[in-house]
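K.L.:
Following this line is target.txt, made up of compact mmCIF, C-alpha atoms:
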# COMPACT_ATOMS: atom_id res chain seq x y z
CA MET A 1 -51.67 -131.72 -179.76
CA GLU A 2 -51.51 -132.22 -183.47
CA ASN A 3 -47.80 -132.76 -183.32
CA THR A 4 -47.95 -135.52 -180.70
CA ASN A 5 -50.66 -137.18 -182.75
CA SER A 6 -48.50 -137.24 -185.85
CA ASP A 7 -45.63 -138.52 -183.71
CA LYS A 8 -47.81 -141.43 -182.70
CA ILE A 9 -48.68 -142.16 -186.32
CA ARG A 10 -44.97 -141.96 -187.15
CA ALA A 11 -44.06 -144.40 -184.38
CA TYR A 12 -46.80 -146.75 -185.51
CA GLN A 13 -45.59 -146.57 -189.11
CA LYS A 14 -41.98 -147.14 -188.05
CA GLN A 15 -43.04 -150.22 -186.12
CA LYS A 16 -44.94 -151.49 -189.16
CA ASN A 17 -41.91 -150.90 -191.40
CA LYS A 18 -39.80 -152.83 -188.94
CA GLU A 19 -42.17 -155.79 -188.95
CA GLU A 20 -42.15 -155.71 -192.72
CA MET A 21 -38.34 -155.80 -192.72
CA GLN A 22 -38.39 -158.83 -190.39
CA LYS A 23 -40.62 -160.62 -192.91
CA HIS A 24 -38.12 -159.75 -195.62
CA LEU A 25 -35.30 -161.25 -193.56
CA ILE A 26 -37.29 -164.46 -193.07
CA SER A 27 -38.03 -164.72 -196.80
CA PHE A 28 -34.36 -164.09 -197.56
CA GLY A 29 -33.43 -166.95 -195.21
CA LEU A 30 -35.93 -169.24 -196.92
CA MET A 31 -34.64 -168.28 -200.36
CA ILE A 32 -31.09 -169.12 -199.29
CA VAL A 33 -32.29 -172.50 -197.97
CA LEU A 34 -34.14 -173.26 -201.23
CA THR A 35 -31.01 -172.35 -203.22
CA ILE A 36 -28.81 -174.60 -201.06
CA ILE A 37 -31.26 -177.51 -201.42
CA ALA A 38 -31.25 -177.13 -205.22
CA PHE A 39 -27.43 -177.08 -205.39
CA VAL A 40 -27.05 -179.99 -202.95
CA ILE A 41 -29.48 -182.16 -204.93
CA VAL A 42 -27.43 -181.65 -208.10
CA ALA A 43 -23.95 -181.72 -206.52
CA THR A 44 -24.52 -184.96 -204.61
CA GLY A 45 -26.67 -186.64 -207.28
CA ILE A 46 -28.81 -188.25 -204.58
CA MET A 47 -32.03 -187.91 -206.53
CA ASP A 48 -33.25 -190.04 -209.42
CA LYS A 49 -32.64 -188.31 -212.77
CA MET A 50 -36.35 -188.41 -213.62
CA PHE A 51 -37.32 -186.39 -210.55
CA VAL A 52 -34.47 -183.89 -210.42
CA ILE A 53 -35.73 -181.50 -213.10
CA PRO A 54 -39.34 -181.15 -211.84
CA VAL A 55 -38.02 -180.69 -208.27
CA LEU A 56 -35.58 -177.99 -209.40
CA VAL A 57 -38.33 -176.16 -211.28
CA ILE A 58 -40.63 -176.28 -208.23
CA LEU A 59 -37.83 -174.97 -205.96
CA ALA A 60 -37.19 -172.11 -208.40
CA ALA A 61 -40.90 -171.29 -208.64
CA ILE A 62 -41.25 -171.08 -204.83
CA GLN A 63 -38.19 -168.85 -204.58
CA VAL A 64 -39.49 -166.56 -207.32
CA ALA A 65 -42.87 -166.34 -205.59
CA PHE A 66 -41.08 -165.10 -202.44
CA GLN A 67 -39.22 -162.55 -204.53
CA PHE A 68 -42.41 -161.26 -206.17
CA TYR A 69 -44.77 -161.34 -203.19
CA TYR A 70 -42.39 -160.18 -200.45
CA PHE A 71 -39.39 -158.34 -201.94
CA MET A 72 -41.47 -156.73 -204.69
CA HIS A 73 -44.51 -156.25 -202.41
CA MET A 74 -47.05 -158.00 -204.63
CA LYS A 75 -48.81 -159.22 -201.47
CA ASP A 76 -49.59 -155.61 -200.48
CA LYS A 77 -52.71 -153.63 -201.30
CA GLY A 78 -52.87 -151.78 -204.61
CA HIS A 79 -50.92 -154.42 -206.54
CA GLU A 80 -53.76 -155.76 -208.70
CA MET A 81 -52.32 -154.18 -211.84
CA PRO A 82 -48.73 -155.41 -211.22
CA ALA A 83 -50.11 -158.92 -210.59
CA THR A 84 -52.05 -158.73 -213.87
CA MET A 85 -48.91 -157.64 -215.71
CA ILE A 86 -46.73 -160.37 -214.24
CA TYR A 87 -49.26 -163.18 -214.62
CA GLY A 88 -49.89 -161.94 -218.17
CA GLY A 89 -46.13 -162.10 -218.73
CA VAL A 90 -45.93 -165.58 -217.18
CA TRP A 91 -48.78 -166.76 -219.42
CA GLY A 92 -46.97 -165.38 -222.47
CA ALA A 93 -43.78 -167.03 -221.22
CA LEU A 94 -45.48 -170.43 -220.87
CA LEU A 95 -46.94 -170.14 -224.39
CA THR A 96 -43.50 -169.22 -225.75
CA LEU A 97 -41.83 -172.16 -224.00
CA ALA A 98 -44.61 -174.53 -225.11
CA GLY A 99 -44.37 -173.25 -228.68
CA LEU A 100 -40.59 -173.60 -228.88
CA GLY A 101 -40.83 -177.01 -227.17
CA VAL A 102 -43.38 -178.27 -229.68
CA ILE A 103 -41.45 -177.17 -232.79
CA SER A 104 -38.26 -178.73 -231.35
CA TRP A 105 -39.48 -182.13 -230.19
CA TRP A 106 -42.87 -182.91 -231.77
CA MET B 1 -42.98 -126.76 -206.69
CA SER B 2 -43.62 -128.02 -203.20
CA HIS B 3 -42.89 -131.58 -204.27
CA ILE B 4 -39.15 -131.00 -204.58
CA HIS B 5 -38.66 -129.93 -200.97
CA PRO B 6 -36.95 -132.54 -198.84
CA LEU B 7 -39.31 -134.54 -196.72
CA ASN B 8 -39.53 -134.41 -192.99
CA PRO B 9 -41.40 -136.73 -190.62
CA GLU B 10 -44.45 -134.44 -190.41
CA THR B 11 -45.12 -134.19 -194.12
CA MET B 12 -43.88 -137.61 -195.22
CA PRO B 13 -46.49 -139.92 -196.72
CA ASN B 14 -46.18 -143.62 -195.89
CA GLU B 15 -45.37 -144.57 -199.45
CA PRO B 16 -43.39 -141.66 -200.92
CA GLU B 17 -42.83 -143.63 -204.12
CA LYS B 18 -46.55 -143.65 -204.91
CA ALA B 19 -47.63 -140.31 -203.42
CA THR B 20 -47.62 -138.41 -206.71
CA LEU B 21 -49.34 -139.19 -210.00
CA GLU B 22 -45.94 -139.39 -211.66
CA GLY B 23 -44.82 -141.89 -209.03
CA LYS B 24 -47.92 -144.03 -209.53
CA ASN B 25 -47.41 -144.02 -213.28
CA LYS B 26 -43.74 -144.93 -212.97
CA PHE B 27 -44.70 -147.80 -210.66
CA LEU B 28 -47.29 -149.17 -213.12
CA GLY B 29 -45.05 -148.52 -216.11
CA LEU B 30 -42.19 -150.51 -214.62
CA TRP B 31 -44.45 -153.48 -213.88
CA PHE B 32 -45.75 -153.31 -217.44
CA PHE B 33 -42.14 -153.41 -218.63
CA LEU B 34 -41.38 -156.40 -216.38
CA GLY B 35 -44.35 -158.29 -217.85
CA GLY B 36 -42.81 -157.79 -221.30
CA GLU B 37 -39.35 -158.77 -220.04
CA THR B 38 -40.79 -162.06 -218.78
CA VAL B 39 -41.83 -163.00 -222.32
CA LEU B 40 -38.52 -161.82 -223.77
CA PHE B 41 -36.52 -164.00 -221.39
CA ALA B 42 -38.91 -166.91 -221.96
CA SER B 43 -38.02 -166.88 -225.66
CA LEU B 44 -34.30 -166.90 -224.81
CA PHE B 45 -34.81 -169.74 -222.30
CA GLY B 46 -36.91 -171.69 -224.80
CA THR B 47 -34.19 -171.31 -227.44
CA TYR B 48 -31.51 -172.38 -224.97
CA ILE B 49 -33.45 -175.47 -223.85
CA ALA B 50 -34.00 -176.47 -227.47
CA LEU B 51 -30.33 -176.02 -228.46
CA ARG B 52 -28.40 -176.95 -225.33
CA ASN B 53 -27.38 -180.39 -226.64
CA SER B 54 -26.40 -179.11 -230.09
CA THR B 55 -22.73 -178.86 -229.20
CA ALA B 56 -21.32 -179.60 -232.67
CA GLY B 57 -18.58 -181.75 -231.13
CA GLY B 58 -17.50 -178.92 -228.83
CA PRO B 59 -17.51 -178.94 -225.04
CA THR B 60 -20.77 -179.86 -223.31
CA SER B 61 -22.38 -178.18 -220.32
CA GLN B 62 -21.43 -181.12 -218.05
CA GLU B 63 -17.76 -180.75 -218.91
CA MET B 64 -17.53 -177.00 -218.45
CA PHE B 65 -19.88 -175.80 -215.75
CA GLY B 66 -18.59 -175.56 -212.18
CA LEU B 67 -21.20 -175.33 -209.47
CA GLU B 68 -18.97 -173.56 -206.91
CA LEU B 69 -18.63 -170.37 -208.94
CA VAL B 70 -22.34 -170.34 -209.84
CA PHE B 71 -23.26 -170.82 -206.19
CA ILE B 72 -21.15 -167.84 -205.14
CA MET B 73 -22.69 -165.72 -207.92
CA THR B 74 -26.17 -166.77 -206.81
CA ILE B 75 -25.51 -165.82 -203.19
CA LEU B 76 -24.05 -162.46 -204.27
CA LEU B 77 -27.09 -161.55 -206.36
CA LEU B 78 -29.57 -162.84 -203.78
CA THR B 79 -27.85 -160.80 -201.06
CA SER B 80 -27.92 -157.71 -203.29
CA SER B 81 -31.67 -158.21 -203.58
CA LEU B 82 -31.89 -158.13 -199.77
CA THR B 83 -29.71 -155.03 -199.46
CA SER B 84 -31.91 -153.16 -201.94
CA VAL B 85 -34.98 -154.16 -199.89
CA TYR B 86 -33.12 -152.85 -196.83
CA ALA B 87 -32.44 -149.58 -198.69
CA MET B 88 -36.18 -149.23 -199.43
CA TYR B 89 -36.85 -149.85 -195.72
CA HIS B 90 -34.66 -146.83 -194.95
CA MET B 91 -36.47 -144.85 -197.63
CA LYS B 92 -39.78 -145.48 -195.86
CA ASN B 93 -38.17 -144.28 -192.63
CA GLN B 94 -36.84 -141.18 -194.46
CA ASP B 95 -33.24 -142.03 -193.75
CA PHE B 96 -31.67 -140.84 -196.99
CA LYS B 97 -28.04 -141.48 -195.98
CA LYS B 98 -28.65 -145.07 -194.96
CA MET B 99 -30.68 -145.63 -198.10
CA GLN B 100 -27.75 -144.39 -200.24
CA LEU B 101 -25.33 -146.50 -198.21
CA TRP B 102 -27.28 -149.74 -198.72
CA LEU B 103 -27.88 -148.99 -202.38
CA GLY B 104 -24.11 -148.56 -202.62
CA VAL B 105 -23.66 -152.02 -201.08
CA THR B 106 -26.20 -153.34 -203.60
CA GLY B 107 -24.16 -151.85 -206.44
CA LEU B 108 -20.92 -153.36 -205.12
CA LEU B 109 -22.53 -156.82 -204.85
CA GLY B 110 -23.82 -156.39 -208.41
CA LEU B 111 -20.35 -155.45 -209.61
CA SER B 112 -18.79 -158.50 -207.92
CA PHE B 113 -21.41 -160.66 -209.60
CA LEU B 114 -20.55 -159.12 -212.94
CA GLY B 115 -16.82 -159.61 -212.32
CA LEU B 116 -17.35 -163.32 -211.65
CA GLU B 117 -19.50 -163.66 -214.77
CA ILE B 118 -16.79 -162.05 -216.92
CA TYR B 119 -14.23 -164.37 -215.31
CA GLU B 120 -16.49 -167.33 -216.07
CA PHE B 121 -16.91 -166.39 -219.74
CA ALA B 122 -13.16 -165.74 -220.09
CA HIS B 123 -12.50 -169.17 -218.55
CA TYR B 124 -14.79 -170.90 -221.08
CA ILE B 125 -13.28 -169.01 -224.00
CA THR B 126 -9.57 -169.46 -223.10
CA ASP B 127 -9.63 -172.92 -221.49
CA TYR B 128 -12.27 -174.63 -223.62
CA GLY B 129 -12.31 -172.52 -226.79
CA PHE B 130 -16.04 -172.24 -226.20
CA THR B 131 -17.29 -169.06 -227.87
CA PHE B 132 -20.47 -167.57 -229.28
CA ARG B 133 -19.62 -169.16 -232.64
CA SER B 134 -18.58 -172.64 -231.40
CA SER B 135 -22.00 -174.23 -231.69
CA ALA B 136 -25.73 -173.60 -231.44
CA PHE B 137 -25.30 -174.36 -227.72
CA GLY B 138 -22.63 -171.65 -227.53
CA SER B 139 -24.80 -169.05 -229.24
CA ALA B 140 -27.83 -169.86 -227.08
CA PHE B 141 -25.74 -169.92 -223.88
CA TYR B 142 -23.99 -166.58 -224.41
CA THR B 143 -27.19 -164.92 -225.63
CA LEU B 144 -29.23 -165.98 -222.60
CA VAL B 145 -26.63 -165.58 -219.85
CA GLY B 146 -25.10 -162.53 -221.54
CA PHE B 147 -28.49 -160.86 -221.83
CA HIS B 148 -28.96 -161.32 -218.10
CA GLY B 149 -25.46 -159.95 -217.50
CA GLY B 150 -26.37 -157.01 -219.73
CA HIS B 151 -29.38 -156.36 -217.52
CA VAL B 152 -27.13 -156.37 -214.46
CA THR B 153 -24.76 -153.91 -216.19
CA PHE B 154 -27.65 -151.63 -217.10
CA GLY B 155 -29.01 -151.84 -213.54
CA ILE B 156 -25.65 -150.82 -212.05
CA ALA B 157 -25.40 -147.87 -214.48
CA TRP B 158 -28.96 -146.86 -213.55
CA LEU B 159 -28.19 -147.10 -209.84
CA ILE B 160 -24.97 -145.06 -210.06
CA THR B 161 -26.80 -142.40 -212.09
CA ILE B 162 -29.66 -141.87 -209.61
CA MET B 163 -27.33 -142.10 -206.61
CA ILE B 164 -25.02 -139.36 -207.92
CA ARG B 165 -27.79 -137.21 -209.42
CA ASN B 166 -29.74 -137.11 -206.16
CA ALA B 167 -26.81 -137.17 -203.72
CA LYS B 168 -27.27 -133.55 -202.63
CA ARG B 169 -31.02 -133.36 -203.06
CA GLY B 170 -32.01 -135.65 -200.24
CA LEU B 171 -35.15 -137.74 -200.45
CA ASN B 172 -38.26 -136.11 -201.88
CA LEU B 173 -41.46 -137.06 -203.65
CA TYR B 174 -39.82 -136.41 -207.00
CA ASN B 175 -36.95 -138.88 -206.65
CA ALA B 176 -38.49 -141.51 -204.34
CA PRO B 177 -40.27 -143.19 -207.32
CA LYS B 178 -36.94 -143.28 -209.19
CA TYR B 179 -35.31 -145.23 -206.38
CA TYR B 180 -38.29 -147.51 -205.94
CA THR B 181 -38.57 -148.44 -209.63
CA PHE B 182 -34.86 -149.25 -209.61
CA SER B 183 -35.34 -151.60 -206.65
CA LEU B 184 -38.19 -153.40 -208.45
CA TYR B 185 -36.01 -153.81 -211.56
CA TRP B 186 -33.14 -155.13 -209.44
CA HIS B 187 -35.37 -157.77 -207.81
CA PHE B 188 -36.53 -158.81 -211.24
CA ILE B 189 -32.92 -159.37 -212.32
CA ASP B 190 -32.63 -161.75 -209.39
CA VAL B 191 -35.86 -163.50 -210.45
CA ILE B 192 -34.33 -164.12 -213.89
CA TRP B 193 -31.11 -165.37 -212.30
CA VAL B 194 -33.04 -167.96 -210.26
CA PHE B 195 -34.16 -169.49 -213.56
CA VAL B 196 -30.71 -169.08 -215.13
CA PHE B 197 -28.96 -171.04 -212.38
CA THR B 198 -31.75 -173.63 -212.33
CA VAL B 199 -32.21 -174.18 -216.07
CA VAL B 200 -28.71 -173.47 -217.40
CA TYR B 201 -26.31 -174.57 -214.67
CA LEU B 202 -28.11 -177.09 -212.45
CA MET B 203 -30.02 -178.81 -215.27
CA GLY B 204 -26.87 -178.54 -217.42
CA LYS B 205 -25.02 -180.60 -214.81
CA VAL B 206 -27.80 -183.19 -214.56
CA ALA B 207 -28.75 -183.88 -218.17
Output the structure of this file as structure tokens.
P.N.:
Amino acid sequence: MENTNSDKIRAYQKQKNKEEMQKHLISFGLMIVLTIIAFVIVATGIMDKMFVIPVLVILAAIQVAFQFYYFMHMKDKGHEMPATMIYGGVWGALLTLAGLGVISWW
Amino acid sequence: MSHIHPLNPETMPNEPEKATLEGKNKFLGLWFFLGGETVLFASLFGTYIALRNSTAGGPTSQEMFGLELVFIMTILLLTSSLTSVYAMYHMKNQDFKKMQLWLGVTGLLGLSFLGLEIYEFAHYITDYGFTFRSSAFGSAFYTLVGFHGGHVTFGIAWLITIMIRNAKRGLNLYNAPKYYTFSLYWHFIDVIWVFVFTVVYLMGKVA
């Protein structure tokens, strides 16, 4: 009795793992598409110079969000502390970039 | 020492990497480390952005950079990120052999990435005479991209070490956190690369 019950839990967990893996494959596909878009924009030069850099930064940010939230599981439960660490790091990173930008071009 | 016995489907927790206190601490510790790494790389990126036009009469980024090679490197590293996710999927299904196999593929993709990066640097040095000492742009470029390459090298060494060390042990609650923290680190290397190819190569071609 107990054994069949744990088998059921196992099967349920396996199914869940499989669904998770499918989500990973979809995010991988999207990341590839975002990468191709970024390279095509630059290689063909179809976009106005003023817009290219903000667009590239946005494409990179979306791709990194997929990496963090899906590949690194930040969307899952129990990731409050990792999110705090990373957003703390991103905040520090923005301050660093702003600081270096200001002393270079002010 | 029950925690070193190999796992079987009956005793396996859903998240073997976080089932022990040590595993939980390793998990948090690695994220703490990644938060610090973010700031470290931000300072290198900031320096690069500030100095990228200070070429001192040497070759500029537009002249040197080739998008084809960088695109191949990007795809290699992105795919290695997927294969390490796939390895962690096998870990959750307690398939140790498949996990080792896909981590092996991850390592090979990482090595090919590294090979292309070394080829790229050699190409800049021999064909353009562009070295670390050529200009402020040269120093900033090799520091930033080389530091990322150094992270890839360290990651491959880490991966080979845990793969060989645990080859005969099988998966257990003691080594599952070691594999999982490696996979997080490896994804983070890919995160940094996304900004490297965007800021260094793509923006270097535009501006």
K.L.:
Against chain A, which residues of chain B fall within 9 Å? For each one I want the closest pair of atoms and the distance in Å (one decimal), counting only C-alpha atoms, rows by chain and increasing residue number, as a Markdown table.
P.N.:
| residue | atom | partner | partner_atom | distance |
| --- | --- | --- | --- | --- |
| B:Pro9 | CA | A:Arg10 | CA | 7.2 |
| B:Glu10 | CA | A:Ser6 | CA | 6.7 |
| B:Asn14 | CA | A:Gln13 | CA | 7.4 |
| B:Phe27 | CA | A:Pro82 | CA | 8.6 |
| B:Leu28 | CA | A:Pro82 | CA | 6.7 |
| B:Leu30 | CA | A:Pro82 | CA | 8.9 |
| B:Trp31 | CA | A:Pro82 | CA | 5.4 |
| B:Phe32 | CA | A:Met85 | CA | 5.6 |
| B:Phe33 | CA | A:Met85 | CA | 8.5 |
| B:Leu34 | CA | A:Ile86 | CA | 7.0 |
| B:Gly35 | CA | A:Gly89 | CA | 4.3 |
| B:Gly36 | CA | A:Gly89 | CA | 6.0 |
| B:Glu37 | CA | A:Gly89 | CA | 7.7 |
| B:Thr38 | CA | A:Gly89 | CA | 5.3 |
| B:Val39 | CA | A:Ala93 | CA | 4.6 |
| B:Leu40 | CA | A:Ala93 | CA | 7.8 |
| B:Phe41 | CA | A:Ala93 | CA | 7.9 |
| B:Ala42 | CA | A:Ala93 | CA | 4.9 |
| B:Ser43 | CA | A:Thr96 | CA | 6.0 |
| B:Phe45 | CA | A:Leu97 | CA | 7.6 |
| B:Gly46 | CA | A:Leu97 | CA | 5.0 |
| B:Thr47 | CA | A:Leu100 | CA | 6.9 |
| B:Ile49 | CA | A:Gly101 | CA | 8.2 |
| B:Ala50 | CA | A:Ser104 | CA | 6.2 |
| B:Leu51 | CA | A:Ser104 | CA | 8.9 |
| B:Leu67 | CA | A:Ala43 | CA | 7.6 |
| B:Phe71 | CA | A:Phe39 | CA | 7.6 |
| B:Thr74 | CA | A:Thr35 | CA | 8.2 |
| B:Ile75 | CA | A:Ile32 | CA | 7.6 |
| B:Leu78 | CA | A:Ile32 | CA | 7.9 |
| B:Thr79 | CA | A:Phe28 | CA | 8.1 |
| B:Ser81 | CA | A:Phe71 | CA | 7.9 |
| B:Leu82 | CA | A:Phe28 | CA | 6.8 |
| B:Val85 | CA | A:Phe71 | CA | 6.4 |
| B:Tyr86 | CA | A:Met21 | CA | 7.3 |
| B:Tyr89 | CA | A:Asn17 | CA | 6.7 |
| B:Lys92 | CA | A:Asn17 | CA | 7.3 |
| B:Asn93 | CA | A:Lys14 | CA | 6.6 |
| B:Ser183 | CA | A:Met72 | CA | 8.2 |
| B:Leu184 | CA | A:Met72 | CA | 6.0 |
| B:His187 | CA | A:Met72 | CA | 6.9 |
| B:Phe188 | CA | A:Gln67 | CA | 8.1 |
| B:Asp190 | CA | A:Gln67 | CA | 8.2 |
| B:Val191 | CA | A:Val64 | CA | 5.7 |
| B:Ile192 | CA | A:Val64 | CA | 8.7 |
| B:Val194 | CA | A:Ala60 | CA | 6.2 |
| B:Phe195 | CA | A:Ala60 | CA | 6.5 |
| B:Thr198 | CA | A:Leu56 | CA | 6.5 |
| B:Val199 | CA | A:Val57 | CA | 8.0 |
| B:Leu202 | CA | A:Val42 | CA | 6.3 |
| B:Met203 | CA | A:Ile53 | CA | 6.7 |
| B:Lys205 | CA | A:Val42 | CA | 7.2 |
| B:Val206 | CA | A:Val42 | CA | 6.7 |
| B:Ala207 | CA | A:Lys49 | CA | 8.0 |
K.L.:
Write the residues of the selection above to a file with C-alpha atoms, as an mmCIF file, in the coordinates of the input.
P.N.:
data_model
loop_
_atom_site.group_PDB
_atom_site.id
_atom_site.type_symbol
_atom_site.label_atom_id
_atom_site.label_comp_id
_atom_site.auth_asym_id
_atom_site.auth_seq_id
_atom_site.Cartn_x
_atom_site.Cartn_y
_atom_site.Cartn_z
ATOM 1 C CA PRO B 9 -41.400 -136.730 -190.620
ATOM 2 C CA GLU B 10 -44.450 -134.440 -190.410
ATOM 3 C CA ASN B 14 -46.180 -143.620 -195.890
ATOM 4 C CA PHE B 27 -44.700 -147.800 -210.660
ATOM 5 C CA LEU B 28 -47.290 -149.170 -213.120
ATOM 6 C CA LEU B 30 -42.190 -150.510 -214.620
ATOM 7 C CA TRP B 31 -44.450 -153.480 -213.880
ATOM 8 C CA PHE B 32 -45.750 -153.310 -217.440
ATOM 9 C CA PHE B 33 -42.140 -153.410 -218.630
ATOM 10 C CA LEU B 34 -41.380 -156.400 -216.380
ATOM 11 C CA GLY B 35 -44.350 -158.290 -217.850
ATOM 12 C CA GLY B 36 -42.810 -157.790 -221.300
ATOM 13 C CA GLU B 37 -39.350 -158.770 -220.040
ATOM 14 C CA THR B 38 -40.790 -162.060 -218.780
ATOM 15 C CA VAL B 39 -41.830 -163.000 -222.320
ATOM 16 C CA LEU B 40 -38.520 -161.820 -223.770
ATOM 17 C CA PHE B 41 -36.520 -164.000 -221.390
ATOM 18 C CA ALA B 42 -38.910 -166.910 -221.960
ATOM 19 C CA SER B 43 -38.020 -166.880 -225.660
ATOM 20 C CA PHE B 45 -34.810 -169.740 -222.300
ATOM 21 C CA GLY B 46 -36.910 -171.690 -224.800
ATOM 22 C CA THR B 47 -34.190 -171.310 -227.440
ATOM 23 C CA ILE B 49 -33.450 -175.470 -223.850
ATOM 24 C CA ALA B 50 -34.000 -176.470 -227.470
ATOM 25 C CA LEU B 51 -30.330 -176.020 -228.460
ATOM 26 C CA LEU B 67 -21.200 -175.330 -209.470
ATOM 27 C CA PHE B 71 -23.260 -170.820 -206.190
ATOM 28 C CA THR B 74 -26.170 -166.770 -206.810
ATOM 29 C CA ILE B 75 -25.510 -165.820 -203.190
ATOM 30 C CA LEU B 78 -29.570 -162.840 -203.780
ATOM 31 C CA THR B 79 -27.850 -160.800 -201.060
ATOM 32 C CA SER B 81 -31.670 -158.210 -203.580
ATOM 33 C CA LEU B 82 -31.890 -158.130 -199.770
ATOM 34 C CA VAL B 85 -34.980 -154.160 -199.890
ATOM 35 C CA TYR B 86 -33.120 -152.850 -196.830
ATOM 36 C CA TYR B 89 -36.850 -149.850 -195.720
ATOM 37 C CA LYS B 92 -39.780 -145.480 -195.860
ATOM 38 C CA ASN B 93 -38.170 -144.280 -192.630
ATOM 39 C CA SER B 183 -35.340 -151.600 -206.650
ATOM 40 C CA LEU B 184 -38.190 -153.400 -208.450
ATOM 41 C CA HIS B 187 -35.370 -157.770 -207.810
ATOM 42 C CA PHE B 188 -36.530 -158.810 -211.240
ATOM 43 C CA ASP B 190 -32.630 -161.750 -209.390
ATOM 44 C CA VAL B 191 -35.860 -163.500 -210.450
ATOM 45 C CA ILE B 192 -34.330 -164.120 -213.890
ATOM 46 C CA VAL B 194 -33.040 -167.960 -210.260
ATOM 47 C CA PHE B 195 -34.160 -169.490 -213.560
ATOM 48 C CA THR B 198 -31.750 -173.630 -212.330
ATOM 49 C CA VAL B 199 -32.210 -174.180 -216.070
ATOM 50 C CA LEU B 202 -28.110 -177.090 -212.450
ATOM 51 C CA MET B 203 -30.020 -178.810 -215.270
ATOM 52 C CA LYS B 205 -25.020 -180.600 -214.810
ATOM 53 C CA VAL B 206 -27.800 -183.190 -214.560
ATOM 54 C CA ALA B 207 -28.750 -183.880 -218.170
#
K.L.:
Could you give me, as a PyMOL selection string, the residues within 12 Å of Gly138 (chain B), counting all atoms listed in the file and dropping anything in the same chain fewer than 2 positions from it?
P.N.:
chain B and resi 47-48+51-61+64+121+124-125+128-136+140-146+200
K.L.:
If you keep C-alpha atoms, can you produce a file of those selected residues as a PDB file, in the frame of the given file?
P.N.:
ATOM      1  CA  THR B  47     -34.190-171.310-227.440  1.00  0.00           C
ATOM      2  CA  TYR B  48     -31.510-172.380-224.970  1.00  0.00           C
ATOM      3  CA  LEU B  51     -30.330-176.020-228.460  1.00  0.00           C
ATOM      4  CA  ARG B  52     -28.400-176.950-225.330  1.00  0.00           C
ATOM      5  CA  ASN B  53     -27.380-180.390-226.640  1.00  0.00           C
ATOM      6  CA  SER B  54     -26.400-179.110-230.090  1.00  0.00           C
ATOM      7  CA  THR B  55     -22.730-178.860-229.200  1.00  0.00           C
ATOM      8  CA  ALA B  56     -21.320-179.600-232.670  1.00  0.00           C
ATOM      9  CA  GLY B  57     -18.580-181.750-231.130  1.00  0.00           C
ATOM     10  CA  GLY B  58     -17.500-178.920-228.830  1.00  0.00           C
ATOM     11  CA  PRO B  59     -17.510-178.940-225.040  1.00  0.00           C
ATOM     12  CA  THR B  60     -20.770-179.860-223.310  1.00  0.00           C
ATOM     13  CA  SER B  61     -22.380-178.180-220.320  1.00  0.00           C
ATOM     14  CA  MET B  64     -17.530-177.000-218.450  1.00  0.00           C
ATOM     15  CA  PHE B 121     -16.910-166.390-219.740  1.00  0.00           C
ATOM     16  CA  TYR B 124     -14.790-170.900-221.080  1.00  0.00           C
ATOM     17  CA  ILE B 125     -13.280-169.010-224.000  1.00  0.00           C
ATOM     18  CA  TYR B 128     -12.270-174.630-223.620  1.00  0.00           C
ATOM     19  CA  GLY B 129     -12.310-172.520-226.790  1.00  0.00           C
ATOM     20  CA  PHE B 130     -16.040-172.240-226.200  1.00  0.00           C
ATOM     21  CA  THR B 131     -17.290-169.060-227.870  1.00  0.00           C
ATOM     22  CA  PHE B 132     -20.470-167.570-229.280  1.00  0.00           C
ATOM     23  CA  ARG B 133     -19.620-169.160-232.640  1.00  0.00           C
ATOM     24  CA  SER B 134     -18.580-172.640-231.400  1.00  0.00           C
ATOM     25  CA  SER B 135     -22.000-174.230-231.690  1.00  0.00           C
ATOM     26  CA  ALA B 136     -25.730-173.600-231.440  1.00  0.00           C
ATOM     27  CA  ALA B 140     -27.830-169.860-227.080  1.00  0.00           C
ATOM     28  CA  PHE B 141     -25.740-169.920-223.880  1.00  0.00           C
ATOM     29  CA  TYR B 142     -23.990-166.580-224.410  1.00  0.00           C
ATOM     30  CA  THR B 143     -27.190-164.920-225.630  1.00  0.00           C
ATOM     31  CA  LEU B 144     -29.230-165.980-222.600  1.00  0.00           C
ATOM     32  CA  VAL B 145     -26.630-165.580-219.850  1.00  0.00           C
ATOM     33  CA  GLY B 146     -25.100-162.530-221.540  1.00  0.00           C
ATOM     34  CA  VAL B 200     -28.710-173.470-217.400  1.00  0.00           C
TER      35      VAL B 200
END
K.L.:
Looking at all atoms listed in the file, which of B:Ala176, B:Trp186, B:Trp193, B:Ala157 is the one that sits closest to Gly23 (chain B)?
P.N.:
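Selected residue with least distance to Gly23 (chain B): B:Ala176.
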K.L.:
Show which residues sit within 7 Å of Pro177 (chain B), as a JSON list (two decimals) with C-alpha atoms, in the coordinates of the input. Count only C-alpha atoms, and ignore same-chain residues fewer than 3 positions away.
P.N.:
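That gives us result-v2.json:
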[["chain", "number", "residue", "atom", "x", "y", "z"],
["B", 17, "GLU", "CA", -42.83, -143.63, -204.12],
["B", 18, "LYS", "CA", -46.55, -143.65, -204.91],
["B", 23, "GLY", "CA", -44.82, -141.89, -209.03],
["B", 26, "LYS", "CA", -43.74, -144.93, -212.97],
["B", 174, "TYR", "CA", -39.82, -136.41, -207.00],
["B", 180, "TYR", "CA", -38.29, -147.51, -205.94],
["B", 181, "THR", "CA", -38.57, -148.44, -209.63]]
K.L.:
Can you measure CA of Glu15 (chain B) to CA of Met99 (chain B) for me? One decimal in Å is fine.
P.N.:
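Separation of CA of Glu15 (chain B) and CA of Met99 (chain B): 14.8 Å.
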K.L.:
What is the distance between CA of Leu173 (chain B) and CA of Pro16 (chain B), in Å to one decimal?
P.N.:
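Result for CA of Leu173 (chain B) versus CA of Pro16 (chain B): 5.7 Å, one decimal.
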K.L.:
One number please: CA of Ala19 (chain B) to CA of Ala11 (chain A), in Å, one decimal.
P.N.:
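Value for the CA of Ala19 (chain B)-CA of Ala11 (chain A) distance: 19.8 Å.
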